[in-house]
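Read through the structure below, which is laid out as structure tokens, and then see the notes.
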Amino acid sequence: MGGEGTRLRPLTLSTPKQMLPIAGQPMIERVLGQLRRHGVDEAILSLGYLPDAFIGAYPDGVAAGVKLSYAVEPEPLDTAGAVRFAADRGNVDDTFVVVNGDVLTDLDLSALVAFHRDRRAEGTIHVYPVPDPSRFGVVPTDGQGRVLAFVEKPSRDEAPTNRINAGTYVLEPSVLDRIPPGRRVSIERETFPAMVKDGTLYALEDDAYWLDAGTPAAYLRANRDLVEGRRGEPPVAGAHQEAAGVWVVGSPVLAGEVRPCSLIGDATVVEAGARVERSVLGAGCLVVSGAQVIDSVLLDGVTVSGSSTVSNSVLGPSATVGERCDVRDMSVLGQGAVVASGSVLDGERYPA
């Protein structure tokens with residue numbers, strides 16, 4: 001989790017992306033909760049960017065029922081280097097699982113571990129089918145699941161399969177010996193290709209829900225998928241349905257129109273004459289009479305003033321949209337941003 005989340009700036013200038021809320025719950029808790037459902041009770045967080053945000057959020061060292069420890073990288077070590085650094089700090093000496101902190105999935109992790117043990121593999125990758133694999137590592141296999149190659153980000157026409165590396169690995173401690181300590185090492189470009197050469201890397205396809213939530217469009221989708229029921233669970237603990245397709249947390253004031261599928265946080269006010277539709281609003285937001293919020297995510301404390309429209313956008317904590325504004329088409333506002341009355345933001349990052 002050492003990346004700076006540049007694709008989600010300016011939200012991530014002050015908050016690491018894994019701490020951004022997905023339907024009111026930090027992304028990292030969504031990831032850890034999935035692990036806990038498959039029996040994982042301890043995790044080491046490999047941290048680089050803004051590590052104190054994680055450490056401060058969980059002072060008792062527990063999140064989503066999982067006991068945490070931290071490995072703060074002194075410098076960026078890349079994907080394999082970070083794994084070795086964290087494993088060394090945690091004295092890992094048995095089969096272990098590696099996940100990406102910005103990947104949300106309903107993967108059957110127990111089945112992945114069982115497949116790994118059945119094949120007596122050194123490493124096993126979860127692979128996921130996608131229409132266009134060109135942005136990912138592509139993983140062709142034989143009939144037994146043995147990985148034949150590891151092709152990082154091929155062109156769409158040259159990809160040998162549409163099954164991609166989905167970012168969950170089951171690994172044996174011997175993999176750590178393949179990773180030189182103290183320098184940047186890529187698991188995709190160095191470690192996995194070496195394991196392929198030795199015939200010790202396997203892969204298992206699982207097409208359960210999977211989403212890399214690291215872009216504004218994917219972040220919006222992650223929120224919508226929970227509220228619209230695509231994950232098969234309530235969007236957030238403590239939420240209840242105020243009306244069909246309208247979830248609320250705590251005691252918001254909904255004098256205006258709130259349409260499905262939406263989630264409204266505690267102490268948020270939707271004034272009479274305002275409209276919210278297919279959106280997630282955090283705690284303490286204010287949507288003033290005459291304003292509209294459509295297909296968007298508002299984090300805690302956002303104000304949308306009268307006669308303004310926010311659509312298909314993400315507004316960071318305590319942002320303020322002035323009167324008669326139009327914020328649209330995947331605009332992203334940072335924490336505390338103030339949009340002057342009469343402004344139009346069309347796909348903009350504000351402040352830039």
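Letters A, B, ... go to the chains of the structure tokens in the order shown; residues in each chain start at 1; ligands are counted from 1 in the same order.
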Practice task
Could you give me, as a PyMOL selection string, each residue of region 212-268 of chain A that DSSP assigns to alpha helix (DSSP H) when run on this structure's backbone?
Solution key: chain A and resi 216-227
Problem - 7 Å contact set for region 298-306 of chain A, only C-alpha atoms, chain neighbours under 5 positions out, as a list in words - result: Val280, Leu281, Gly282, Ala283, Gly284, Cys285, Leu286, Val287, Val288, Ser289, Gly290, Ala291, Val314, Leu315, Gly316, Pro317, Ser318, Ala319, Thr320, Val321, Gly322, Glu323 and Arg324 of chain A
For those residues, write N, CA and C atoms to a file as a CSV table (one decimal), in the first residue's frame.
```csv
chain,number,residue,atom,x,y,z
A,280,VAL,N,-24.0,8.5,-2.8
A,280,VAL,CA,-23.6,8.2,-1.4
A,280,VAL,C,-23.2,9.4,-0.8
A,281,LEU,N,-23.8,9.8,0.3
A,281,LEU,CA,-23.5,11.0,1.1
A,281,LEU,C,-23.0,10.6,2.4
A,282,GLY,N,-21.8,11.1,2.8
A,282,GLY,CA,-21.2,10.8,4.1
A,282,GLY,C,-22.0,11.6,5.3
A,283,ALA,N,-21.4,11.6,6.4
A,283,ALA,CA,-22.0,12.2,7.6
A,283,ALA,C,-21.9,13.7,7.5
A,284,GLY,N,-22.9,14.4,8.0
A,284,GLY,CA,-22.8,15.9,8.2
A,284,GLY,C,-22.8,16.7,6.9
A,285,CYS,N,-23.3,16.1,5.8
A,285,CYS,CA,-23.4,16.9,4.6
A,285,CYS,C,-24.7,17.7,4.6
A,286,LEU,N,-24.7,18.7,3.7
A,286,LEU,CA,-25.8,19.6,3.5
A,286,LEU,C,-26.1,19.8,2.0
A,287,VAL,N,-27.3,19.4,1.6
A,287,VAL,CA,-27.8,19.7,0.2
A,287,VAL,C,-28.9,20.7,0.3
A,288,VAL,N,-28.6,21.9,-0.1
A,288,VAL,CA,-29.5,23.0,0.1
A,288,VAL,C,-30.7,22.9,-0.9
A,289,SER,N,-31.8,23.5,-0.6
A,289,SER,CA,-33.0,23.6,-1.4
A,289,SER,C,-32.6,24.1,-2.8
A,290,GLY,N,-33.1,23.3,-3.8
A,290,GLY,CA,-32.8,23.7,-5.2
A,290,GLY,C,-31.6,23.0,-5.8
A,291,ALA,N,-30.8,22.3,-4.9
A,291,ALA,CA,-29.6,21.6,-5.4
A,291,ALA,C,-29.9,20.2,-5.8
A,314,VAL,N,-16.9,13.1,-7.5
A,314,VAL,CA,-16.5,12.8,-6.1
A,314,VAL,C,-16.1,14.0,-5.4
A,315,LEU,N,-16.7,14.3,-4.3
A,315,LEU,CA,-16.4,15.5,-3.5
A,315,LEU,C,-15.7,15.1,-2.2
A,316,GLY,N,-14.5,15.6,-1.9
A,316,GLY,CA,-13.8,15.3,-0.7
A,316,GLY,C,-14.4,15.9,0.5
A,317,PRO,N,-13.8,15.5,1.7
A,317,PRO,CA,-14.4,16.0,3.0
A,317,PRO,C,-14.4,17.5,3.1
A,318,SER,N,-15.5,18.0,3.6
A,318,SER,CA,-15.7,19.5,3.9
A,318,SER,C,-15.6,20.4,2.6
A,319,ALA,N,-15.7,19.8,1.4
A,319,ALA,CA,-15.8,20.6,0.2
A,319,ALA,C,-17.1,21.4,0.2
A,320,THR,N,-17.0,22.6,-0.5
A,320,THR,CA,-18.2,23.4,-0.6
A,320,THR,C,-18.4,23.8,-2.0
A,321,VAL,N,-19.6,23.5,-2.5
A,321,VAL,CA,-20.0,24.0,-3.9
A,321,VAL,C,-20.9,25.2,-3.7
A,322,GLY,N,-20.5,26.3,-4.3
A,322,GLY,CA,-21.3,27.5,-4.2
A,322,GLY,C,-22.6,27.4,-5.0
A,323,GLU,N,-23.3,28.5,-5.0
A,323,GLU,CA,-24.6,28.5,-5.7
A,323,GLU,C,-24.5,28.5,-7.2
A,324,ARG,N,-25.4,27.9,-7.9
A,324,ARG,CA,-25.5,27.9,-9.4
A,324,ARG,C,-24.3,27.3,-10.0
```
Practice task
Please report, as an MDAnalysis selection string, each residue of region 41-141 of chain A to which DSSP assigns strand (DSSP E or B) when run on this structure's backbone.
Solution key: chainID A and resid 42:47 62:63 66:72 96:99 103:105 123:129 137:138 141
Handout entry: Among listed residues A:Thr6, A:Thr95, A:Thr141, A:Ser186, nearest Val170 (chain A) (using only C-alpha atoms)
Key = A:Thr95
Handout entry: Long-range neighbours of region 77-90 of chain A as a list of chain:residue names, 7 Å cut-off, only C-alpha atoms, 4 positions minimum in chain
Key = A:Ile44, A:Ser46, A:Ala71, A:Leu176, A:Ile179, A:Pro181, A:Arg183, A:Arg184, A:Val185, A:Ser186, A:Ile187
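For the pair CA of Asp206 (chain A) and CA of Asp93 (chain A), the interatomic distance is 27.2 Å.
Nearest to Val332 (chain A) of all the residues A:Ala274, A:Leu8, A:Val40, A:Val227 is A:Leu8, based on only C-alpha atoms.
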Exercise for the section: Fewer than 2 positions away in the same chain doesn't count, so skip those; otherwise give me all residues within 9 Å of Val276 (chain A), counting only C-alpha atoms, as JSON, numbers by chain. Expected result: {"A": [256, 257, 258, 259, 260, 262, 270, 274, 278, 279, 280, 287, 291, 292, 293, 294, 295]}
Please write the residues from the selection above to a file, keeping C-alpha atoms, as an mmCIF file, in the first residue's frame.
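Here's the written file again.cif:
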```cif
data_model
loop_
_atom_site.group_PDB
_atom_site.id
_atom_site.type_symbol
_atom_site.label_atom_id
_atom_site.label_comp_id
_atom_site.auth_asym_id
_atom_site.auth_seq_id
_atom_site.Cartn_x
_atom_site.Cartn_y
_atom_site.Cartn_z
ATOM 1 C CA GLY A 256 -36.099 16.728 0.175
ATOM 2 C CA GLU A 257 -36.370 13.977 -2.410
ATOM 3 C CA VAL A 258 -34.012 10.996 -2.032
ATOM 4 C CA ARG A 259 -34.309 8.438 -4.812
ATOM 5 C CA PRO A 260 -32.857 4.928 -5.115
ATOM 6 C CA SER A 262 -28.688 6.058 -2.289
ATOM 7 C CA VAL A 270 -31.302 17.150 2.415
ATOM 8 C CA ALA A 274 -33.332 19.359 -3.004
ATOM 9 C CA ARG A 278 -28.058 7.154 -6.978
ATOM 10 C CA SER A 279 -25.524 8.755 -4.654
ATOM 11 C CA VAL A 280 -23.624 8.153 -1.425
ATOM 12 C CA VAL A 287 -27.753 19.658 0.236
ATOM 13 C CA ALA A 291 -29.569 21.586 -5.398
ATOM 14 C CA GLN A 292 -29.240 18.186 -7.062
ATOM 15 C CA VAL A 293 -26.744 15.379 -6.374
ATOM 16 C CA ILE A 294 -26.845 12.590 -8.953
ATOM 17 C CA ASP A 295 -24.589 9.536 -9.437
#
```
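With only C-alpha atoms taken into account, the protein and nucleic acid residues at most 10 Å from Arg224 (chain A) (excluding it and anything under 3 positions from it in its own chain) are Ile22, Ala23, Ala218, Tyr219, Leu220, Arg221, Val227, Glu228, Gly229, Arg230, Arg231, Pro235, Cys261, Ser262, Leu263, Arg278, Ser279, Val280, Asp295, Ser296 and Val297 of chain A.
For the atom pair formed by CA of Asp207 (chain A) and CA of Ala222 (chain A), the distance is 16.5 Å, given to one decimal.
Interatomic distance, CA of Arg30 (chain A) against CA of Asp225 (chain A): 13.0 Å.
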Exercise for the section: Within 10 Å of Thr15 (chain A), counting only C-alpha atoms, which residues show up once you throw out same-chain ones fewer than 4 positions away? Write them as an MDAnalysis selection string, please. Expected result: chainID A and resid 4:5 9:11 19:20 49:51 53:54 334:335
Would you put the residues from that selection into a file with N, CA and C atoms, as a PDB file, in the first residue's frame?
```pdb
ATOM      1  N   GLU A   4       1.084   6.380  -3.951  1.00  0.00           N
ATOM      2  CA  GLU A   4       0.546   7.672  -3.549  1.00  0.00           C
ATOM      3  C   GLU A   4      -0.863   7.921  -4.070  1.00  0.00           C
ATOM      4  N   GLY A   5      -1.453   6.955  -4.779  1.00  0.00           N
ATOM      5  CA  GLY A   5      -2.827   7.104  -5.230  1.00  0.00           C
ATOM      6  C   GLY A   5      -3.016   8.263  -6.185  1.00  0.00           C
ATOM      7  N   ARG A   9      -6.076  11.701  -7.106  1.00  0.00           N
ATOM      8  CA  ARG A   9      -5.838  13.060  -6.620  1.00  0.00           C
ATOM      9  C   ARG A   9      -6.941  13.995  -7.097  1.00  0.00           C
ATOM     10  N   PRO A  10      -7.274  15.025  -6.309  1.00  0.00           N
ATOM     11  CA  PRO A  10      -6.631  15.483  -5.078  1.00  0.00           C
ATOM     12  C   PRO A  10      -7.152  14.827  -3.789  1.00  0.00           C
ATOM     13  N   LEU A  11      -8.056  13.855  -3.893  1.00  0.00           N
ATOM     14  CA  LEU A  11      -8.523  13.180  -2.678  1.00  0.00           C
ATOM     15  C   LEU A  11      -7.377  12.597  -1.873  1.00  0.00           C
ATOM     16  N   MET A  19      -7.652   4.390   2.735  1.00  0.00           N
ATOM     17  CA  MET A  19      -8.433   4.919   3.852  1.00  0.00           C
ATOM     18  C   MET A  19      -9.652   5.700   3.381  1.00  0.00           C
ATOM     19  N   LEU A  20      -9.821   5.866   2.067  1.00  0.00           N
ATOM     20  CA  LEU A  20     -11.026   6.509   1.563  1.00  0.00           C
ATOM     21  C   LEU A  20     -12.232   5.612   1.841  1.00  0.00           C
ATOM     22  N   TYR A  49       3.200   5.498   1.830  1.00  0.00           N
ATOM     23  CA  TYR A  49       2.643   6.838   1.733  1.00  0.00           C
ATOM     24  C   TYR A  49       1.700   7.112   2.900  1.00  0.00           C
ATOM     25  N   LEU A  50       1.944   8.193   3.629  1.00  0.00           N
ATOM     26  CA  LEU A  50       1.107   8.618   4.755  1.00  0.00           C
ATOM     27  C   LEU A  50       0.803   7.475   5.727  1.00  0.00           C
ATOM     28  N   PRO A  51       1.824   6.816   6.241  1.00  0.00           N
ATOM     29  CA  PRO A  51       1.571   5.656   7.116  1.00  0.00           C
ATOM     30  C   PRO A  51       0.838   5.999   8.396  1.00  0.00           C
ATOM     31  N   ALA A  53      -1.685   7.714   8.842  1.00  0.00           N
ATOM     32  CA  ALA A  53      -3.142   7.678   8.677  1.00  0.00           C
ATOM     33  C   ALA A  53      -3.700   6.324   9.080  1.00  0.00           C
ATOM     34  N   PHE A  54      -2.975   5.255   8.777  1.00  0.00           N
ATOM     35  CA  PHE A  54      -3.412   3.911   9.154  1.00  0.00           C
ATOM     36  C   PHE A  54      -3.174   3.677  10.646  1.00  0.00           C
ATOM     37  N   GLY A 334     -10.907  18.039  -3.865  1.00  0.00           N
ATOM     38  CA  GLY A 334     -10.100  17.663  -2.724  1.00  0.00           C
ATOM     39  C   GLY A 334     -10.697  18.128  -1.413  1.00  0.00           C
ATOM     40  N   GLN A 335     -10.057  17.717  -0.326  1.00  0.00           N
ATOM     41  CA  GLN A 335     -10.531  18.076   1.007  1.00  0.00           C
ATOM     42  C   GLN A 335     -10.559  19.596   1.168  1.00  0.00           C
TER      43      GLN A 335
END
```
